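One file, work01.cif, carrying mmCIF, C-alpha atoms:
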data_final
#
loop_
_atom_site.label_atom_id
_atom_site.label_comp_id
_atom_site.auth_asym_id
_atom_site.auth_seq_id
_atom_site.Cartn_x
_atom_site.Cartn_y
_atom_site.Cartn_z
CA MET A 27 3.70 -34.86 -2.73
CA PRO A 28 2.75 -31.20 -3.28
CA ALA A 29 0.09 -30.32 -5.81
CA GLY A 30 1.40 -30.35 -9.36
CA PHE A 31 4.33 -32.74 -8.70
CA PRO A 32 4.55 -34.57 -12.02
CA LEU A 33 5.48 -38.14 -11.10
CA GLY A 34 2.12 -39.50 -9.88
CA ALA A 35 1.52 -41.37 -13.12
CA ARG A 36 4.37 -43.74 -12.33
CA ALA A 37 2.79 -44.66 -9.01
CA LEU A 38 -0.54 -45.29 -10.74
CA ALA A 39 1.13 -47.55 -13.30
CA LEU A 40 2.80 -49.55 -10.53
CA ALA A 41 -0.48 -49.87 -8.63
CA GLY A 42 -2.17 -51.15 -11.77
CA ALA A 43 0.50 -53.82 -12.22
CA VAL A 44 0.00 -54.99 -8.64
CA LEU A 45 -3.77 -55.27 -9.18
CA LEU A 46 -3.29 -57.34 -12.33
CA ALA A 47 -0.95 -59.69 -10.49
CA ALA A 48 -3.63 -60.24 -7.86
CA GLN A 49 -6.28 -61.27 -10.39
CA GLY A 50 -5.02 -64.80 -11.00
CA PRO A 51 -3.37 -66.80 -13.78
CA ALA A 52 -5.53 -65.40 -16.61
CA ALA A 53 -4.46 -61.85 -15.87
CA ARG A 54 -0.83 -62.88 -15.31
CA ALA A 55 -0.76 -64.49 -18.75
CA VAL A 56 -0.79 -61.03 -20.31
CA GLU A 57 2.74 -59.80 -20.75
CA PRO A 58 3.21 -56.73 -18.51
CA ALA A 59 4.38 -53.44 -19.96
CA ALA A 60 7.99 -52.52 -19.38
CA VAL A 61 8.54 -50.35 -16.31
CA ASN A 62 10.36 -47.08 -16.98
CA ASN A 63 11.78 -46.20 -13.59
CA SER A 64 12.43 -42.59 -12.70
CA ALA A 65 16.03 -41.38 -12.59
CA LEU A 66 15.28 -39.37 -9.44
CA ASP A 67 17.09 -40.43 -6.29
CA ALA A 68 16.03 -39.63 -2.74
CA PRO A 69 18.23 -36.52 -2.23
CA LEU A 70 17.12 -35.03 -5.53
CA SER A 71 13.46 -35.78 -4.79
CA TYR A 72 13.86 -33.99 -1.46
CA GLN A 73 15.48 -31.04 -3.23
CA LEU A 74 12.54 -30.84 -5.65
CA LEU A 75 10.12 -30.94 -2.74
CA ILE A 76 11.93 -28.03 -1.13
CA GLY A 77 11.76 -26.18 -4.46
CA GLU A 78 7.99 -26.71 -4.67
CA ILE A 79 7.58 -25.47 -1.11
CA GLY A 80 9.66 -22.42 -1.98
CA LEU A 81 7.42 -21.79 -4.98
CA ARG A 82 4.34 -21.83 -2.76
CA GLU A 83 6.06 -19.23 -0.60
CA GLY A 84 6.80 -17.00 -3.58
CA ASP A 85 10.38 -17.98 -4.45
CA ALA A 86 9.78 -18.86 -8.11
CA GLY A 87 13.40 -18.19 -9.12
CA THR A 88 14.87 -20.84 -6.85
CA ALA A 89 12.13 -23.34 -7.71
CA TYR A 90 12.81 -22.82 -11.43
CA GLN A 91 16.56 -23.30 -11.03
CA VAL A 92 16.12 -26.44 -8.95
CA MET A 93 13.61 -27.94 -11.36
CA LEU A 94 15.64 -27.16 -14.47
CA ALA A 95 18.83 -28.52 -12.92
CA ALA A 96 17.00 -31.73 -12.03
CA ALA A 97 15.56 -31.98 -15.53
CA ASN A 98 18.98 -31.56 -17.14
CA ARG A 99 20.44 -34.19 -14.84
CA THR A 100 17.72 -36.82 -15.22
CA LYS A 101 16.38 -36.06 -18.75
CA GLU A 102 12.86 -36.41 -17.30
CA GLU A 103 10.31 -34.78 -19.61
CA GLU A 104 7.95 -34.08 -16.71
CA LEU A 105 10.61 -32.00 -14.97
CA PHE A 106 11.33 -29.91 -18.06
CA ARG A 107 7.60 -29.28 -18.36
CA ARG A 108 7.39 -28.27 -14.71
CA ALA A 109 10.35 -25.88 -15.00
CA THR A 110 8.67 -24.27 -18.00
CA GLU A 111 5.36 -23.94 -16.14
CA ILE A 112 7.07 -22.34 -13.14
CA ALA A 113 8.66 -19.71 -15.38
CA LEU A 114 5.34 -19.07 -17.11
CA GLN A 115 3.57 -18.64 -13.78
CA ALA A 116 6.20 -16.06 -12.87
CA ARG A 117 5.67 -14.32 -16.25
CA ALA A 118 9.33 -14.95 -17.09
CA GLY A 119 9.08 -15.67 -20.79
CA GLU A 120 12.80 -15.82 -21.56
CA GLN A 121 13.40 -18.27 -18.71
CA ALA A 122 10.52 -20.42 -19.94
CA LEU A 123 12.03 -20.41 -23.42
CA ALA A 124 15.43 -21.37 -22.00
CA ALA A 125 13.84 -24.35 -20.24
CA VAL A 126 12.11 -25.45 -23.43
CA GLN A 127 15.32 -25.14 -25.45
CA ALA A 128 17.10 -27.32 -22.88
CA TRP A 129 14.14 -29.74 -23.10
CA ARG A 130 14.55 -30.06 -26.88
CA ARG A 131 18.29 -30.62 -26.58
CA ALA A 132 17.77 -33.37 -24.02
CA ILE A 133 14.77 -35.01 -25.76
CA PRO A 134 14.89 -33.98 -29.45
CA GLU A 135 11.85 -36.10 -30.34
CA SER A 136 9.55 -34.46 -27.79
CA LEU A 137 6.46 -33.06 -29.51
CA ASP A 138 5.46 -31.14 -26.38
CA ALA A 139 8.83 -29.38 -26.25
CA HIS A 140 8.37 -28.26 -29.86
CA ARG A 141 4.83 -27.00 -29.20
CA TYR A 142 5.90 -25.06 -26.12
CA GLN A 143 8.79 -23.51 -28.04
CA VAL A 144 6.59 -22.33 -30.90
CA GLN A 145 3.98 -20.89 -28.55
CA LEU A 146 6.60 -19.08 -26.48
CA LEU A 147 8.32 -17.64 -29.54
CA VAL A 148 4.97 -16.32 -30.78
CA ALA A 149 4.19 -14.83 -27.36
CA LEU A 150 7.62 -13.16 -27.34
CA ASN A 151 6.96 -11.78 -30.84
CA ARG A 152 9.88 -13.69 -32.32
CA LEU A 153 7.90 -15.00 -35.28
CA PRO A 154 10.78 -15.73 -37.71
CA ASP A 155 12.31 -17.98 -35.06
CA THR A 156 9.25 -20.24 -35.17
CA ILE A 157 10.08 -21.58 -38.63
CA GLU A 158 12.62 -24.19 -37.53
CA PRO A 159 10.70 -25.67 -34.58
CA LEU A 160 7.44 -25.72 -36.54
CA ARG A 161 9.03 -27.56 -39.45
CA SER A 162 10.65 -29.96 -37.03
CA LEU A 163 7.34 -30.49 -35.22
CA ILE A 164 5.60 -31.35 -38.50
CA GLY A 165 8.36 -33.80 -39.39
CA LEU A 166 8.18 -35.54 -36.01
CA THR A 167 4.37 -35.78 -35.99
CA PRO A 168 3.08 -39.25 -37.01
CA GLU A 169 2.08 -39.38 -40.65
CA ALA A 170 -1.57 -40.08 -39.82
CA GLU A 171 -1.73 -36.83 -37.80
CA ARG A 172 0.51 -34.64 -39.95
CA ASN A 173 -2.15 -33.10 -42.18
CA GLY A 174 -4.21 -32.15 -39.15
CA LEU A 175 -1.23 -30.30 -37.69
CA ILE A 176 -0.54 -28.59 -41.02
CA ALA A 177 -4.15 -27.40 -41.12
CA ASN A 178 -3.68 -25.82 -37.68
CA VAL A 179 -0.40 -24.01 -38.43
CA PRO A 180 -2.18 -20.65 -39.10
CA ARG A 181 -3.72 -20.84 -35.62
CA PHE A 182 -0.30 -20.59 -34.00
CA PHE A 183 -0.17 -17.01 -35.31
CA ALA A 184 -3.82 -16.07 -34.79
CA ARG A 185 -2.94 -13.12 -32.51
CA ASN A 186 -0.39 -11.61 -34.86
CA PRO A 187 -1.69 -8.12 -35.76
CA ASP A 188 -0.27 -8.38 -39.30
CA PRO A 189 -2.27 -11.10 -41.12
CA ALA A 190 -0.40 -10.61 -44.41
CA ALA A 191 2.94 -11.21 -42.66
CA THR A 192 1.39 -14.26 -41.00
CA ALA A 193 0.28 -15.67 -44.36
CA ALA A 194 3.77 -15.20 -45.80
CA LEU A 195 5.25 -16.88 -42.73
CA VAL A 196 2.84 -19.82 -43.02
CA GLU A 197 3.91 -20.30 -46.63
CA GLN A 198 7.56 -20.25 -45.60
CA VAL A 199 7.02 -22.75 -42.76
CA LEU A 200 5.13 -25.19 -44.98
CA GLN A 201 7.35 -24.89 -48.06
CA PRO A 202 9.19 -28.22 -47.47
CA TYR A 203 5.83 -30.05 -47.46
CA ALA A 204 4.22 -28.19 -50.37
CA GLN A 205 5.17 -30.74 -53.05
CA ALA A 206 4.99 -34.01 -51.09
CA PRO A 207 1.98 -36.04 -52.34
CA GLY A 208 0.79 -36.80 -48.83
CA THR A 209 0.76 -33.21 -47.59
CA ARG A 210 0.45 -30.82 -50.56
CA VAL A 211 -3.36 -30.53 -50.43
CA ALA A 212 -3.26 -29.84 -46.68
CA VAL A 213 -0.54 -27.25 -47.26
CA MET A 214 -2.58 -25.46 -49.94
CA ALA A 215 -5.64 -25.40 -47.68
CA ALA A 216 -3.63 -24.04 -44.75
CA GLN A 217 -2.01 -21.38 -46.92
CA GLY A 218 -5.42 -20.48 -48.32
CA ARG A 219 -6.85 -19.99 -44.84
CA ALA A 220 -3.93 -17.76 -43.93
CA TRP A 221 -4.45 -15.59 -47.03
CA LEU A 222 -8.20 -15.51 -46.40
CA ALA A 223 -7.49 -14.13 -42.91
CA ALA A 224 -5.33 -11.51 -44.61
CA SER A 225 -8.33 -10.56 -46.81
CA ASP A 226 -6.63 -11.79 -49.98
CA THR A 227 -9.69 -13.72 -51.11
CA ALA A 228 -8.55 -14.13 -54.72
CA ARG A 229 -5.35 -15.85 -53.65
CA ALA A 230 -7.20 -18.01 -51.13
CA LEU A 231 -9.76 -19.10 -53.72
CA GLU A 232 -7.08 -19.97 -56.25
CA LEU A 233 -5.35 -22.18 -53.67
CA ALA A 234 -8.69 -23.85 -52.92
CA ARG A 235 -9.23 -24.55 -56.64
CA GLN A 236 -5.75 -25.96 -57.11
CA ALA A 237 -6.09 -28.21 -54.08
CA HIS A 238 -9.52 -29.40 -55.18
CA ALA A 239 -8.16 -30.25 -58.64
CA ILE A 240 -5.49 -32.44 -57.04
CA ASP A 241 -7.87 -34.24 -54.65
CA PRO A 242 -11.59 -33.66 -55.40
CA ALA A 243 -12.62 -35.92 -52.50
CA ASN A 244 -10.74 -33.89 -49.89
CA GLU A 245 -13.11 -31.66 -47.89
CA ALA A 246 -10.50 -29.09 -46.78
CA PRO A 247 -10.37 -27.23 -50.13
CA ALA A 248 -14.16 -27.30 -50.36
CA LEU A 249 -14.55 -25.82 -46.88
CA LEU A 250 -11.99 -23.15 -47.72
CA ALA A 251 -13.86 -22.30 -50.94
CA LEU A 252 -17.15 -21.98 -49.06
#
Starting from the file, give its structure as structure tokens.
Amino acid sequence: MPAGFPLGARALALAGAVLLAAQGPAARAVEPAAVNNSALDAPLSYQLLIGEIGLREGDAGTAYQVMLAAANRTKEEELFRRATEIALQARAGEQALAAVQAWRRAIPESLDAHRYQVQLLVALNRLPDTIEPLRSLIGLTPEAERNGLIANVPRFFARNPDPAATAALVEQVLQPYAQAPGTRVAVMAAQGRAWLAASDTARALELARQAHAIDPANEAPALLAL
């Protein structure tokens, strides 16, 4: 396989299963994990190989089209990721975004597809378009990890030259989670950090005080206040 071909993990998983089977009855007593076979057939695998070879020779357009067509046909997340990476390597932002949008349609629960989409929209300076995928990403993120993601929302827009517009956008993105008991303190802290970056220290401090009053044991408002 050429460097970067994304299906090596399946071979490793199969090799691991063979090793366990060779270790005797004690190892075989453990119920093996279900095998998720690839939807790629031999002709399509050969086509992808040709696409990768073409990419090495400078034909990024053909490689992208081959990879995206294969991803749409098989619904393989690794192939959508590869198509996106090929477009990014070719500095073709709109094509990368098209691949990610197809990725989300095929696998709506993919966290990686959401992250790629947000990052590409920011890079393309389409900030208002990030609201929907960011909200969706927060909703799909496991509850135990959700507050951590909320805290990092301002970082998605760190390179935006207009910090005040960023702070307003962060508030808009997080609005659906601002009143939920499990997320409201994290939302206030994230909004406060965004307003602090916009040099609105009074607003940031007020958000820190409100969040601290709700949950005095939470360190995020205290760190924001400091």
Expand the PyMOL selection byres ((chain A and resi 152) around 12) into the individual residues it matches in the shown file, reporting them as a ChimeraX atom specification.
-> /A:119-120,123,143-151,153-157,183,186,195
Leaving out Ala246 (chain A) and any residue of its chain fewer than 4 positions from it, which residues lie within 8 Å of it when counting only C-alpha atoms, given as a list in words?
-> Ala212, Ala215 and Leu250 of chain A
Selection under test: the PyMOL selection byres ((chain A and resi 175) around 12); residues as a PyMOL selection string | chain A and resi 137+141+160-174+176-182+200+209+212-213+215-216
Test item: the PyMOL selection byres ((chain A and resi 91) around 10) resolved as number ranges by chain = A: 77, 86-90, 92-97, 109, 112-113, 121, 125
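CA of Val211 (chain A) is positioned 8.4 Å from CA of Gln236 (chain A).
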Rounded to one decimal place, report the CA of Gln205 (chain A)-CA of Ala184 (chain A) distance in Å.
-> 25.1 Å
So how many Å separate CA of Asp226 (chain A) and CA of Asp241 (chain A), to one decimal?
-> 23.0 Å
Smallest atom-to-atom distance to Glu197 (chain A): which of A:Gln217, A:Ala118, A:Pro242, A:Glu78, using all atoms listed in the file?
-> A:Gln217
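The shortest atom-to-atom distance to Ala194 (chain A), with only C-alpha atoms taken into account, belongs to A:Gly218 out of A:Gly80, A:Pro134, A:Pro69, A:Gly218.
With distances taken over all atoms listed in the file, A:Ala139 is the one residue among A:Ala139, A:Pro189, A:Glu83, A:Ala234 lying closest to Arg108 (chain A).
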Where's the centre, and what are the edge lengths in Å to one decimal, of a box along x, y and z enclosing all listed atoms of region 88-94 of chain A padded 3 Å per side, as lines of an AutoDock Vina configuration file?
center_x = 14.3
center_y = -24.4
center_z = -10.7
size_x = 10.4
size_y = 13.1
size_z = 13.6
